[in-house]
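*Asks:* Below is the file input.tsv, which contains TSV, C-alpha atoms.
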chain	number	residue	atom	x	y	z
A	724	MET	CA	21.10	-22.19	15.42
A	725	SER	CA	24.61	-20.95	14.86
A	726	TYR	CA	26.21	-17.91	13.31
A	727	PRO	CA	26.63	-17.91	9.51
A	728	GLU	CA	30.00	-18.47	7.91
A	729	PRO	CA	32.30	-15.42	8.14
A	730	ARG	CA	32.06	-12.98	5.25
A	731	TYR	CA	34.96	-10.82	6.39
A	732	LEU	CA	38.23	-12.60	6.92
A	733	GLY	CA	40.51	-9.68	7.78
A	734	GLU	CA	42.19	-9.24	11.14
A	735	LYS	CA	41.64	-5.58	12.02
A	736	GLY	CA	38.29	-4.56	10.56
A	737	GLN	CA	37.54	-1.89	8.00
A	738	VAL	CA	36.11	1.60	7.89
A	739	THR	CA	32.92	0.81	5.97
A	740	ALA	CA	30.04	2.14	8.09
A	741	LEU	CA	27.50	4.24	6.20
A	742	PHE	CA	25.61	7.11	7.84
A	743	ARG	CA	22.51	8.50	6.19
A	744	PRO	CA	20.97	11.63	7.69
A	745	ALA	CA	17.19	11.73	7.80
A	746	PRO	CA	15.75	13.25	4.62
A	747	ALA	CA	13.85	16.52	4.84
A	748	GLN	CA	10.96	14.97	2.86
A	749	PRO	CA	9.82	11.38	2.24
A	750	ASP	CA	11.35	9.84	-0.86
A	751	THR	CA	7.96	9.18	-2.40
A	752	GLY	CA	4.31	9.86	-1.98
A	753	PHE	CA	2.23	6.76	-2.50
A	754	VAL	CA	-1.46	6.07	-2.97
A	755	GLY	CA	-3.63	8.46	-0.99
A	756	SER	CA	-2.15	9.74	2.24
A	757	THR	CA	0.82	7.38	2.48
A	758	SER	CA	4.46	8.41	2.13
A	759	ILE	CA	7.54	6.21	2.10
A	760	SER	CA	11.12	7.07	3.06
A	761	TYR	CA	13.94	4.90	1.79
A	762	VAL	CA	15.98	4.38	4.96
A	763	ALA	CA	18.27	1.73	3.44
A	764	ASP	CA	17.68	0.24	0.01
A	765	GLN	CA	19.30	-2.88	-1.45
A	766	GLU	CA	22.13	-0.87	-2.95
A	767	THR	CA	22.96	0.67	0.43
A	768	THR	CA	23.02	-2.71	2.21
A	769	GLY	CA	24.67	-4.76	-0.53
A	770	GLY	CA	21.43	-6.66	-1.05
A	771	GLU	CA	21.16	-7.89	2.54
A	772	PHE	CA	17.89	-6.09	3.28
A	773	GLY	CA	15.75	-3.08	2.45
A	774	LEU	CA	14.43	-0.81	5.21
A	775	TYR	CA	11.62	1.66	4.58
A	776	LYS	CA	9.66	4.05	6.81
A	777	VAL	CA	5.97	4.23	6.01
A	778	ASP	CA	3.72	7.04	7.22
A	779	MET	CA	0.01	6.44	6.69
A	780	GLY	CA	-2.79	8.90	7.21
A	781	PRO	CA	-6.06	7.98	8.93
A	782	LYS	CA	-8.29	5.37	7.30
A	783	THR	CA	-5.66	4.32	4.74
A	784	ILE	CA	-5.19	0.94	3.05
A	785	GLY	CA	-1.51	-0.03	2.95
A	786	ALA	CA	-1.69	-3.24	0.91
A	787	LYS	CA	-4.42	-5.78	0.20
A	788	GLU	CA	-3.84	-9.49	0.82
A	789	HIS	CA	-0.73	-10.69	-1.02
A	790	PHE	CA	2.46	-12.73	-0.71
A	791	HIS	CA	6.03	-12.65	-1.99
A	792	ARG	CA	7.92	-15.60	-3.48
A	793	THR	CA	11.49	-14.30	-3.05
A	794	ILE	CA	11.51	-12.03	-0.01
A	795	SER	CA	10.30	-11.92	3.56
A	796	GLU	CA	8.62	-8.78	4.85
A	797	SER	CA	8.64	-7.54	8.42
A	798	PHE	CA	6.86	-4.64	10.09
A	799	TYR	CA	7.73	-2.66	13.22
A	800	VAL	CA	5.19	-0.12	14.47
A	801	LEU	CA	6.74	3.19	15.49
A	802	SER	CA	3.53	5.02	16.42
A	803	GLY	CA	-0.21	4.69	16.07
A	804	GLU	CA	-2.21	1.53	15.48
A	805	VAL	CA	-2.12	-0.53	12.31
A	806	ARG	CA	-4.22	-3.54	11.37
A	807	PHE	CA	-2.25	-6.52	10.07
A	808	TYR	CA	-3.64	-9.55	8.31
A	809	ASN	CA	-1.43	-12.50	9.24
A	810	GLY	CA	-2.88	-14.90	6.67
A	811	ASP	CA	-5.51	-16.13	9.11
A	812	GLN	CA	-6.97	-13.12	10.90
A	813	TRP	CA	-6.72	-9.36	11.33
A	814	ILE	CA	-4.76	-8.23	14.39
A	815	THR	CA	-4.06	-4.75	15.73
A	816	GLY	CA	-0.46	-3.70	16.18
A	817	GLY	CA	0.60	-0.71	18.22
A	818	GLU	CA	3.83	1.06	19.10
A	819	GLY	CA	6.66	-1.46	19.50
A	820	ASP	CA	4.77	-4.39	17.93
A	821	PHE	CA	6.47	-6.49	15.25
A	822	LEU	CA	5.14	-8.79	12.52
A	823	HIS	CA	7.38	-11.06	10.42
A	824	VAL	CA	6.04	-12.64	7.23
A	825	PRO	CA	8.29	-15.31	5.62
A	826	ALA	CA	8.34	-15.72	1.84
A	827	GLY	CA	5.01	-17.20	0.75
A	828	GLY	CA	3.14	-15.86	3.78
A	829	LEU	CA	-0.17	-14.15	3.12
A	830	HIS	CA	-0.42	-10.68	4.63
A	831	ALA	CA	-2.01	-7.25	4.34
A	832	PHE	CA	-2.02	-4.05	6.36
A	833	GLN	CA	-4.10	-0.91	6.76
A	834	ASN	CA	-4.79	1.96	9.09
A	835	ASP	CA	-8.41	1.72	10.24
A	836	SER	CA	-8.00	4.40	12.90
A	837	ASP	CA	-8.70	8.13	12.87
A	838	ASP	CA	-5.03	8.83	13.62
A	839	PRO	CA	-1.86	8.56	11.52
A	840	VAL	CA	0.45	5.57	11.85
A	841	SER	CA	4.18	5.25	11.28
A	842	LEU	CA	6.00	1.95	10.78
A	843	LEU	CA	9.17	0.39	9.45
A	844	MET	CA	9.06	-2.26	6.71
A	845	ILE	CA	12.01	-4.58	6.23
A	846	PHE	CA	12.45	-6.76	3.15
A	847	SER	CA	15.02	-9.54	3.22
A	848	PRO	CA	17.01	-10.13	1.18
A	849	GLY	CA	17.06	-6.63	-0.25
A	850	ALA	CA	15.04	-6.16	-3.43
A	851	PRO	CA	14.60	-3.15	-5.73
A	852	ARG	CA	11.31	-2.00	-4.15
A	853	GLU	CA	11.64	1.67	-5.07
A	854	GLU	CA	10.11	1.39	-8.54
A	855	TYR	CA	7.18	-0.48	-7.04
A	856	PHE	CA	6.56	2.24	-4.46
A	857	GLU	CA	6.99	5.03	-7.00
A	858	ARG	CA	4.87	3.59	-9.82
A	859	ALA	CA	2.19	1.37	-8.25
A	860	ALA	CA	-0.47	4.10	-8.42
A	861	GLU	CA	0.35	4.71	-12.09
A	862	TYR	CA	0.04	1.01	-12.93
A	863	ALA	CA	-3.25	0.74	-11.00
A	864	GLU	CA	-4.71	3.02	-13.72
A	865	ARG	CA	-3.51	0.75	-16.55
A	866	SER	CA	-5.00	-2.47	-17.88
A	867	ARG	CA	-5.37	-5.49	-15.61
A	868	GLU	CA	-2.68	-7.29	-17.63
A	869	GLU	CA	-0.16	-4.45	-17.28
A	870	LEU	CA	-0.88	-4.14	-13.56
A	871	GLU	CA	-0.46	-7.87	-13.02
A	872	ALA	CA	2.84	-7.94	-14.97
A	873	PHE	CA	4.12	-4.98	-12.93
A	874	ARG	CA	3.19	-6.69	-9.66
A	875	VAL	CA	4.80	-10.00	-10.69
A	876	ARG	CA	7.99	-8.15	-11.75
A	877	HIS	CA	8.09	-6.78	-8.20
A	878	ASP	CA	7.30	-10.11	-6.49
A	879	ASN	CA	3.81	-9.08	-5.37
A	880	TYR	CA	1.14	-11.74	-5.78
A	881	PHE	CA	-2.19	-10.25	-4.73
A	882	THR	CA	-4.84	-12.88	-4.08
A	883	ASP	CA	-7.48	-10.85	-5.91
A	884	MET	CA	-5.37	-11.15	-9.07
A	885	LEU	CA	-5.10	-14.96	-8.82
A	886	ASP	CA	-8.72	-15.60	-9.84
For the structure just supplied, provide its representation as structure tokens.

*Replies:*
Amino acid sequence: MSYPEPRYLGEKGQVTALFRPAPAQPDTGFVGSTSISYVADQETTGGEFGLYKVDMGPKTIGAKEHFHRTISESFYVLSGEVRFYNGDQWITGGEGDFLHVPAGGLHAFQNDSDDPVSLLMIFSPGAPREEYFERAAEYAERSREELEAFRVRHDNYFTDMLD
């Protein structure tokens, strides 16, 4: 494997680094006791990746079995224990553990423990995930057809919707 082709061809570099202080509150509350902070969205990274911090309360489902057609998804556990489905079996991830799911890979995650869990999710390339995080609970209350269209628009193909 080699490095990709250069994307910057200048000689001296540029002042382009972006610093984002930690927000006082998560950017969104999600279903149940889960909150999500937008560390670096696609706009921030020029579409290279999206990085999100997920805090889940005890006994919380993160996402049922699904896959993405256009993006990979990776997880890095900051604290607590989270159960990951790797397409074949459930495995327990703890602090410092990492799971990478290429496009098309079946996966799911949940917190089965009595303690909270915190993890980073990375989507590559970057995709506009914010609307999905902010409106998934709302669409879960709508018709099956509206929910499925919303999920497809956000590149989420849940296996329970493929029947």

*Asks:* Hey, what's within 12 Å of segment 724-740 of chain A if we count all atoms listed in the file and toss same-chain stuff fewer than 6 positions away? As a PDB file with C-alpha atoms, in the frame of the given file, please?

*Replies:*
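Now in selection_27.pdb:
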ATOM      1  CA  THR A 767      22.960   0.670   0.430  1.00  0.00           C
ATOM      2  CA  THR A 768      23.020  -2.710   2.210  1.00  0.00           C
ATOM      3  CA  GLY A 769      24.670  -4.760  -0.530  1.00  0.00           C
TER       4      GLY A 769
END

*Asks:* Could you give me, as a count of residues only, the residues within 12 Å of Ser760 of chain A, counting all atoms listed in the file and dropping anything in the same chain fewer than 3 positions from it?

*Replies:* 29

*Asks:* Might you pull out every residue within 7 Å of segment 836-839 of chain A, with all atoms listed in the file counted and same-chain residues fewer than 2 positions away left off, and present them as a PyMOL selection string?

*Replies:* chain A and resi 779-782+803-804+834+841

*Asks:* Which polymer residues have any atom within 9 Å of an atom of Gly817 of chain A, counting all atoms listed in the file, with same-chain residues fewer than 3 positions away left out, as an mmCIF file with C-alpha atoms, in the coordinates of the input?

*Replies:*
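Resulting contents of selection.cif:
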data_model
loop_
_atom_site.group_PDB
_atom_site.id
_atom_site.type_symbol
_atom_site.label_atom_id
_atom_site.label_comp_id
_atom_site.auth_asym_id
_atom_site.auth_seq_id
_atom_site.Cartn_x
_atom_site.Cartn_y
_atom_site.Cartn_z
ATOM 1 C CA TYR A 799 7.730 -2.660 13.220
ATOM 2 C CA VAL A 800 5.190 -0.120 14.470
ATOM 3 C CA LEU A 801 6.740 3.190 15.490
ATOM 4 C CA SER A 802 3.530 5.020 16.420
ATOM 5 C CA GLY A 803 -0.210 4.690 16.070
ATOM 6 C CA GLU A 804 -2.210 1.530 15.480
ATOM 7 C CA VAL A 805 -2.120 -0.530 12.310
ATOM 8 C CA ARG A 806 -4.220 -3.540 11.370
ATOM 9 C CA ASP A 820 4.770 -4.390 17.930
ATOM 10 C CA PHE A 821 6.470 -6.490 15.250
ATOM 11 C CA VAL A 840 0.450 5.570 11.850
#

*Asks:* Using only C-alpha atoms, give me every residue within 9 Å of (0.4, -11.6, -6.0) in file coordinates, as a list in words.

*Replies:*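 Looking at atoms near the point gives Glu788, His789, Phe790, His791, Arg792, Glu871, Arg874, Val875, Asp878, Asn879, Tyr880, Phe881, Thr882, Asp883, Met884 and Leu885 of chain A.
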
*Asks:* With all atoms listed in the file as the basis for distance, which of A:Phe832, A:Ile845, A:Ile794, A:Glu771 is at the shortest distance from His877 of chain A?

*Replies:* A:Ile794

*Asks:* To one decimal in Å, tell me the separation between atom CA of Phe846 of chain A and atom CA of Glu868 of chain A.

*Replies:*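 Between atom CA of Phe846 of chain A and atom CA of Glu868 of chain A the gap is 25.7 Å.
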
*Asks:* For segment 858-861 of chain A, work out the shell of residues within 9 Å, counting only C-alpha atoms and skipping chain neighbours fewer than 3 positions away, then give it as a PyMOL selection string.

*Replies:* chain A and resi 753-754+853-855+864-865+870+873-874

*Asks:* Hey, which of A:Ser758, A:Pro851, A:Ser797, A:Glu766 ends up closest to Leu741 of chain A? Count only C-alpha atoms.

*Replies:* A:Glu766

*Asks:* With only C-alpha atoms as the basis for distance, which of A:Ala872, A:Leu829, A:Ala850, A:Ala863 is at the shortest distance from Phe772 of chain A?

*Replies:*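 Smallest distance to Phe772 of chain A is found for A:Ala850.
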
*Asks:* Please report the interatomic distance between atom CA of Tyr761 of chain A and atom CA of Trp813 of chain A in Å with one decimal.

*Replies:* 26.9 Å

*Asks:* Can you put N, CA and C atoms back into segment 732-750 of chain A and show it as an mmCIF file, in the coordinates of the input?

*Replies:*
data_model
loop_
_atom_site.group_PDB
_atom_site.id
_atom_site.type_symbol
_atom_site.label_atom_id
_atom_site.label_comp_id
_atom_site.auth_asym_id
_atom_site.auth_seq_id
_atom_site.Cartn_x
_atom_site.Cartn_y
_atom_site.Cartn_z
ATOM 1 N N LEU A 732 37.166 -11.749 6.404
ATOM 2 C CA LEU A 732 38.230 -12.600 6.920
ATOM 3 C C LEU A 732 39.468 -11.820 7.354
ATOM 4 N N GLY A 733 39.368 -10.497 7.353
ATOM 5 C CA GLY A 733 40.510 -9.680 7.780
ATOM 6 C C GLY A 733 40.731 -9.769 9.277
ATOM 7 N N GLU A 734 41.810 -9.169 9.727
ATOM 8 C CA GLU A 734 42.190 -9.240 11.140
ATOM 9 C C GLU A 734 41.837 -7.988 11.930
ATOM 10 N N LYS A 735 41.775 -6.829 11.283
ATOM 11 C CA LYS A 735 41.640 -5.580 12.020
ATOM 12 C C LYS A 735 40.351 -4.819 11.753
ATOM 13 N N GLY A 736 39.503 -5.292 10.888
ATOM 14 C CA GLY A 736 38.290 -4.560 10.560
ATOM 15 C C GLY A 736 38.535 -3.494 9.515
ATOM 16 N N GLN A 737 37.456 -2.899 9.046
ATOM 17 C CA GLN A 737 37.540 -1.890 8.000
ATOM 18 C C GLN A 737 36.658 -0.697 8.358
ATOM 19 N N VAL A 738 36.953 0.426 7.758
ATOM 20 C CA VAL A 738 36.110 1.600 7.890
ATOM 21 C C VAL A 738 35.100 1.538 6.744
ATOM 22 N N THR A 739 33.920 0.995 7.019
ATOM 23 C CA THR A 739 32.920 0.810 5.970
ATOM 24 C C THR A 739 31.518 1.239 6.404
ATOM 25 N N ALA A 740 31.362 1.745 7.613
ATOM 26 C CA ALA A 740 30.040 2.140 8.090
ATOM 27 C C ALA A 740 29.479 3.259 7.221
ATOM 28 N N LEU A 741 28.172 3.234 7.019
ATOM 29 C CA LEU A 741 27.500 4.240 6.200
ATOM 30 C C LEU A 741 26.477 4.964 7.064
ATOM 31 N N PHE A 742 26.575 6.285 7.108
ATOM 32 C CA PHE A 742 25.610 7.110 7.840
ATOM 33 C C PHE A 742 24.746 7.838 6.835
ATOM 34 N N ARG A 743 23.440 7.790 7.054
ATOM 35 C CA ARG A 743 22.510 8.500 6.190
ATOM 36 C C ARG A 743 21.662 9.415 7.057
ATOM 37 N N PRO A 744 21.818 10.724 6.926
ATOM 38 C CA PRO A 744 20.970 11.630 7.690
ATOM 39 C C PRO A 744 19.516 11.499 7.247
ATOM 40 N N ALA A 745 18.603 11.790 8.128
ATOM 41 C CA ALA A 745 17.190 11.730 7.800
ATOM 42 C C ALA A 745 16.875 12.719 6.686
ATOM 43 N N PRO A 746 16.097 12.320 5.691
ATOM 44 C CA PRO A 746 15.750 13.250 4.620
ATOM 45 C C PRO A 746 14.750 14.305 5.109
ATOM 46 N N ALA A 747 14.782 15.460 4.475
ATOM 47 C CA ALA A 747 13.850 16.520 4.840
ATOM 48 C C ALA A 747 12.419 16.145 4.445
ATOM 49 N N GLN A 748 12.256 15.404 3.359
ATOM 50 C CA GLN A 748 10.960 14.970 2.860
ATOM 51 C C GLN A 748 11.004 13.467 2.592
ATOM 52 N N PRO A 749 9.843 12.796 2.628
ATOM 53 C CA PRO A 749 9.820 11.380 2.240
ATOM 54 C C PRO A 749 10.313 11.234 0.798
ATOM 55 N N ASP A 750 10.837 10.078 0.478
ATOM 56 C CA ASP A 750 11.350 9.840 -0.860
ATOM 57 C C ASP A 750 10.230 9.752 -1.887
#
